[in-house]
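Read through the structure below, which is laid out as structure tokens, and then see the notes.
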Amino acid sequence: MAAAGRRSLAELSLDEFLAAGSESEADGGWEEEEEAARPAKGPAQRRPSGKAQDGKAKQPVQARPAGRKKGKASEHKDQLSRLKDKDPEFYKFLEENDRTLLDFDASDSSDEEERLHIPPDTLEEASDEDEDEEHETVKRKRVCFIPVSLKMVEEWKKGAERRLTPKLFHEITQAFKASVATTKGDNGGADPSKFQVTDAAVFNALVSFCVRDLFRCLQKLLLLKTPKNKQKMVLPSTSPLWSKLRLDIKVYLSCTIQLLSCLTEASVGVAVLQHVSSIVPYYLSFPKQCRALLKQAINLWSTGEETVRVLAFLVLNKICRYKKEVYLSPLLKQMYIAFVKNSRFTSPNVLPMINFMQRTLTEMYALDTHTSYQHAFIYIRQLAIHLRSAMTIKKKENFQSVYNWQYIHCLYFWCRVLSTIYPSEVMEPLIYPLTQVIIGCIKLVPTARFYPLRMHCIRALTLLSENTRTFIPVLPFILEVLQQVDFNKKPGRMSAKPINFAVILKLSNVNLQEKAFRDGLIEQLYDLMLEYLHCQAYSIGFPELVLPTVIQLKSFLKECKIANYCKPMRQLLEKLQENSAYIASRRQKATFGVASRESVEQWEKQVKEEGTPLTKYYTQWKKLREKEIQLEISGKERLEDLNFPEIKRKKQNESKEEDKKEFKDLFDLDSGSDEENVGFPIKGKAKAKQASDDSSEASSEDYGEDDDEEEGKYEIEEDEEELEDDSDSDEEGKEAAQIAPGSQKQRSCTRGMSRSDLEQLAQGEEDIVEDLAFSDDD
């Protein structure tokens, strides 16, 4: 009927139409199965006759009930056997081209196929069993952990001291791995140790044994010879037993780095770092572990305790000395980034750590000048780019990118680097651009609020000029401050503590009004000029160099009326003039000309060795100044800053009461002016009370007990008002005297007081205000 199905509907008879309709469903399914079973190999596959097709079309209708009982594989095999009889050519073609299709395994029975389609109840039970098996295996692994005891540690220690073997070293390493794993709460990662450490005493004993004695015994096992030249290092990888111990040593080194990252107590960290420093050759044999150690050491160097920082630096320095070409360049980059990151905030406690990082990092840069030049060029250029953007854009964000502690510390650091490495032809070209960046930083915002920042930049330029023997015009930036600040102006308020210029960059508006600001500024200017000029004290052109400074100091001494400010400047002026006269007298005896540079340098060297008046004075001053700086850094106040001038007064409390009674009784005798008599004594009482309050507040202010700036300003205003009220009271007193001259004269005769005495008595409170004004100047 397949052939009939292909004919049009008009060509079919009624019987054929009915037969085709009842068999259409079977034909579709069978044809699909036959097409799926018959691979398209060629035109021979499409050659079966219509008779064969009719057989195939009718066969599934008869085989459908049997198909439910038989498996599909058995049914398909029967079809292929019938195909041999119906279409021998096609069967022969399959034998030649696709033998596997005819010789497939018919072992699957209908029962097996039916069992595959039955819902598998047993599979769920199998999955539960698998989970149980996994839990059992984990439990077995946990059960396999061997707890470490103190007795085991002692046995390992004795065995290692007698004779360390690779097997014993493996057990000790696994136990050390288990102990380190407890610090982070894991089980050793993907490859856990077979040991387990649960007791703190066992942990301490095991780590102590490994840190102190284990590698000393390992050194004997590897038979490593001590090098004759200490600058050379014998790597343990040259030992014949290295291949047997390599993996265990690698595990131990990784665990030691993990232990360093977990330690919080400084004393334990110091012991572990000392151990790490002694086994640096082992780390050099494993590049991956060595990089991890460098990363951890940089972290400890920049954030650890003082002793931990020093030992971490020794580890870094030791690795770079022996593997300079491999680790120096990336290490310098990471150390510089760590230095910048940890110098964001500066305080008296943090400043020594920042100075330590500067000095040690400078030592690292001194190991190789060619590598250091590449880093210095990049980072100085980066500082210059920030400064250029701040100068061109002139926004708050750009100013803040320059006027911050990180930027200032970086400037000072590169000055220290260039000063330390000098003389070096490689680094010398960087002196000029760095100097220009620092000068540009000073000129960016040249206001009084940023005087502390200016002081830091001037010190950096002084350091660079002194050590590189390069003339840098620093004095104009110092003398400019003397011209901008009016030191004769009375301060707005008193302050108990001096301003520590070493740990600030910017002053507040309140600080600019304080007396401590001018005191500290004079002291800073004195220090900066003395530090810079002592570097030039032996120069043959010193008299001409200090001439503008001498003129400026003389002008300052003429204008300034404060004795405490004139005294240090006058002393500095005398030393400069004395040194100038000494240099002038020495160079008059010289027999060479100015053009002879070698002779000039030789003359300056000789004068420097002999010493000049200014250098001798600077040496004595420096010793005293260093002690004071240490006190300032530690946050302690200097004694001379606490000795504020004390106002010495007479006992006015007793005399005031008598004066007020006399003053009141004097005008009570006048009966013709009741209004004045009523109002004036009340005002006198109020003024007496106000004067007593002002005196107590002034005394508390003098000793620094009151730090409120608003109250300080308000007290000064009260004093001025008091002066005005006193003048008003004098006028009222005169009017009352004109109204009743007879009574006043009679009273004055009986009391024996003249008119001048009364005027002095009315103006007696002015002495208190004058004392306050003089105390500020003192």
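Identifiers in this document derive from the order of the structure tokens: chains are assigned A, B, ..., residues are numbered from 1 separately in each chain, and ligands are numbered from 1 in order of occurrence.
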
Original post:
Neighbours of Lys158 in chain A within 12 Å (only C-alpha atoms; same-chain residues fewer than 5 positions away dropped), as a ChimeraX atom specification?
Top reply: /A:151-153,163-164,168,209,213-214,217

Determine, counting only C-alpha atoms, which protein, DNA and RNA residues have an atom within 9 Å of an atom of range 239-253 of chain A; residues of the same chain fewer than 5 positions away are not included. Present the result as a PDB file with N, CA, C and O atoms, in the first residue's frame.
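Written file, part-v7.pdb:
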```
ATOM      1  N   PRO A 166      66.054  11.418  55.706  1.00  0.00           N
ATOM      2  CA  PRO A 166      64.966  11.966  54.888  1.00  0.00           C
ATOM      3  C   PRO A 166      63.584  11.582  55.404  1.00  0.00           C
ATOM      4  O   PRO A 166      62.642  12.381  55.334  1.00  0.00           O
ATOM      5  N   PHE A 169      62.868  13.671  58.484  1.00  0.00           N
ATOM      6  CA  PHE A 169      62.613  15.060  58.072  1.00  0.00           C
ATOM      7  C   PHE A 169      61.218  15.198  57.461  1.00  0.00           C
ATOM      8  O   PHE A 169      60.536  16.210  57.663  1.00  0.00           O
ATOM      9  N   HIS A 170      60.781  14.169  56.726  1.00  0.00           N
ATOM     10  CA  HIS A 170      59.435  14.189  56.141  1.00  0.00           C
ATOM     11  C   HIS A 170      58.372  14.215  57.239  1.00  0.00           C
ATOM     12  O   HIS A 170      57.391  14.977  57.149  1.00  0.00           O
ATOM     13  N   THR A 173      58.333  17.644  58.914  1.00  0.00           N
ATOM     14  CA  THR A 173      57.747  18.645  58.016  1.00  0.00           C
ATOM     15  C   THR A 173      56.234  18.533  57.985  1.00  0.00           C
ATOM     16  O   THR A 173      55.519  19.546  58.006  1.00  0.00           O
ATOM     17  N   GLN A 174      55.705  17.305  57.942  1.00  0.00           N
ATOM     18  CA  GLN A 174      54.256  17.117  57.934  1.00  0.00           C
ATOM     19  C   GLN A 174      53.637  17.586  59.253  1.00  0.00           C
ATOM     20  O   GLN A 174      52.543  18.171  59.264  1.00  0.00           O
ATOM     21  N   PHE A 176      54.899  19.927  61.185  1.00  0.00           N
ATOM     22  CA  PHE A 176      54.982  21.393  61.150  1.00  0.00           C
ATOM     23  C   PHE A 176      53.883  21.977  60.272  1.00  0.00           C
ATOM     24  O   PHE A 176      53.282  23.012  60.603  1.00  0.00           O
ATOM     25  N   LYS A 177      53.590  21.295  59.179  1.00  0.00           N
ATOM     26  CA  LYS A 177      52.506  21.731  58.303  1.00  0.00           C
ATOM     27  C   LYS A 177      51.169  21.679  59.025  1.00  0.00           C
ATOM     28  O   LYS A 177      50.332  22.590  58.897  1.00  0.00           O
ATOM     29  N   LEU A 221      73.015  17.112  57.188  1.00  0.00           N
ATOM     30  CA  LEU A 221      72.558  16.034  56.311  1.00  0.00           C
ATOM     31  C   LEU A 221      72.910  16.314  54.852  1.00  0.00           C
ATOM     32  O   LEU A 221      73.321  15.412  54.114  1.00  0.00           O
ATOM     33  N   LEU A 222      72.787  17.556  54.435  1.00  0.00           N
ATOM     34  CA  LEU A 222      73.082  17.912  53.041  1.00  0.00           C
ATOM     35  C   LEU A 222      74.575  18.024  52.767  1.00  0.00           C
ATOM     36  O   LEU A 222      74.977  18.122  51.596  1.00  0.00           O
ATOM     37  N   LEU A 223      75.382  18.037  53.804  1.00  0.00           N
ATOM     38  CA  LEU A 223      76.839  18.122  53.655  1.00  0.00           C
ATOM     39  C   LEU A 223      77.257  19.358  52.879  1.00  0.00           C
ATOM     40  O   LEU A 223      78.077  19.320  51.960  1.00  0.00           O
ATOM     41  N   LEU A 224      76.674  20.504  53.273  1.00  0.00           N
ATOM     42  CA  LEU A 224      77.011  21.757  52.604  1.00  0.00           C
ATOM     43  C   LEU A 224      78.259  22.356  53.232  1.00  0.00           C
ATOM     44  O   LEU A 224      78.398  22.412  54.460  1.00  0.00           O
ATOM     45  N   GLN A 258      53.445  31.166  55.600  1.00  0.00           N
ATOM     46  CA  GLN A 258      52.096  31.230  56.145  1.00  0.00           C
ATOM     47  C   GLN A 258      52.119  31.562  57.629  1.00  0.00           C
ATOM     48  O   GLN A 258      51.285  32.319  58.126  1.00  0.00           O
ATOM     49  N   VAL A 276      64.153  32.798  59.205  1.00  0.00           N
ATOM     50  CA  VAL A 276      64.014  32.971  57.754  1.00  0.00           C
ATOM     51  C   VAL A 276      65.280  33.579  57.172  1.00  0.00           C
ATOM     52  O   VAL A 276      65.745  33.187  56.090  1.00  0.00           O
ATOM     53  N   TYR A 282      67.865  28.563  50.926  1.00  0.00           N
ATOM     54  CA  TYR A 282      66.837  27.587  50.550  1.00  0.00           C
ATOM     55  C   TYR A 282      65.713  28.257  49.774  1.00  0.00           C
ATOM     56  O   TYR A 282      65.175  27.677  48.814  1.00  0.00           O
ATOM     57  N   TYR A 283      65.354  29.480  50.168  1.00  0.00           N
ATOM     58  CA  TYR A 283      64.313  30.203  49.428  1.00  0.00           C
ATOM     59  C   TYR A 283      64.784  30.567  48.025  1.00  0.00           C
ATOM     60  O   TYR A 283      63.986  30.586  47.083  1.00  0.00           O
ATOM     61  N   PHE A 286      63.913  28.118  45.330  1.00  0.00           N
ATOM     62  CA  PHE A 286      62.506  27.983  44.904  1.00  0.00           C
ATOM     63  C   PHE A 286      61.987  29.376  44.556  1.00  0.00           C
ATOM     64  O   PHE A 286      61.644  30.156  45.443  1.00  0.00           O
ATOM     65  N   GLN A 289      58.382  30.359  46.027  1.00  0.00           N
ATOM     66  CA  GLN A 289      58.385  30.610  47.467  1.00  0.00           C
ATOM     67  C   GLN A 289      59.181  31.877  47.795  1.00  0.00           C
ATOM     68  O   GLN A 289      58.837  32.602  48.734  1.00  0.00           O
ATOM     69  N   CYS A 290      60.195  32.158  47.019  1.00  0.00           N
ATOM     70  CA  CYS A 290      60.992  33.357  47.258  1.00  0.00           C
ATOM     71  C   CYS A 290      60.169  34.620  46.976  1.00  0.00           C
ATOM     72  O   CYS A 290      60.235  35.595  47.733  1.00  0.00           O
ATOM     73  N   LEU A 293      57.824  35.098  49.840  1.00  0.00           N
ATOM     74  CA  LEU A 293      58.538  35.620  51.004  1.00  0.00           C
ATOM     75  C   LEU A 293      58.802  37.113  50.859  1.00  0.00           C
ATOM     76  O   LEU A 293      58.653  37.876  51.827  1.00  0.00           O
TER      77      LEU A 293
END
```

**OP:** Do a neighbour search on Phe517 in chain A at 10 Å with only C-alpha atoms, toss out local chain neighbours closer than 3 positions, and write the hits as a PyMOL selection string.
**Re:** chain A and resi 491+495+498-501+507+510-514+520-523

**OP:** Excluding Phe542 in chain A and residues on its chain fewer than 2 positions from it, collect all residues at most 9 Å away from it, counting only C-alpha atoms, and give them as a PyMOL selection string.
**Re:** chain A and resi 533+536-540+544-547+579-580+583-584

**OP:** Between A:Ala390, A:Val180, A:Ala312, A:Cys457, single out the one closest to Leu273 in chain A, counting only C-alpha atoms.
**Re:**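 Closest residue, counting only C-alpha atoms: A:Ala312.
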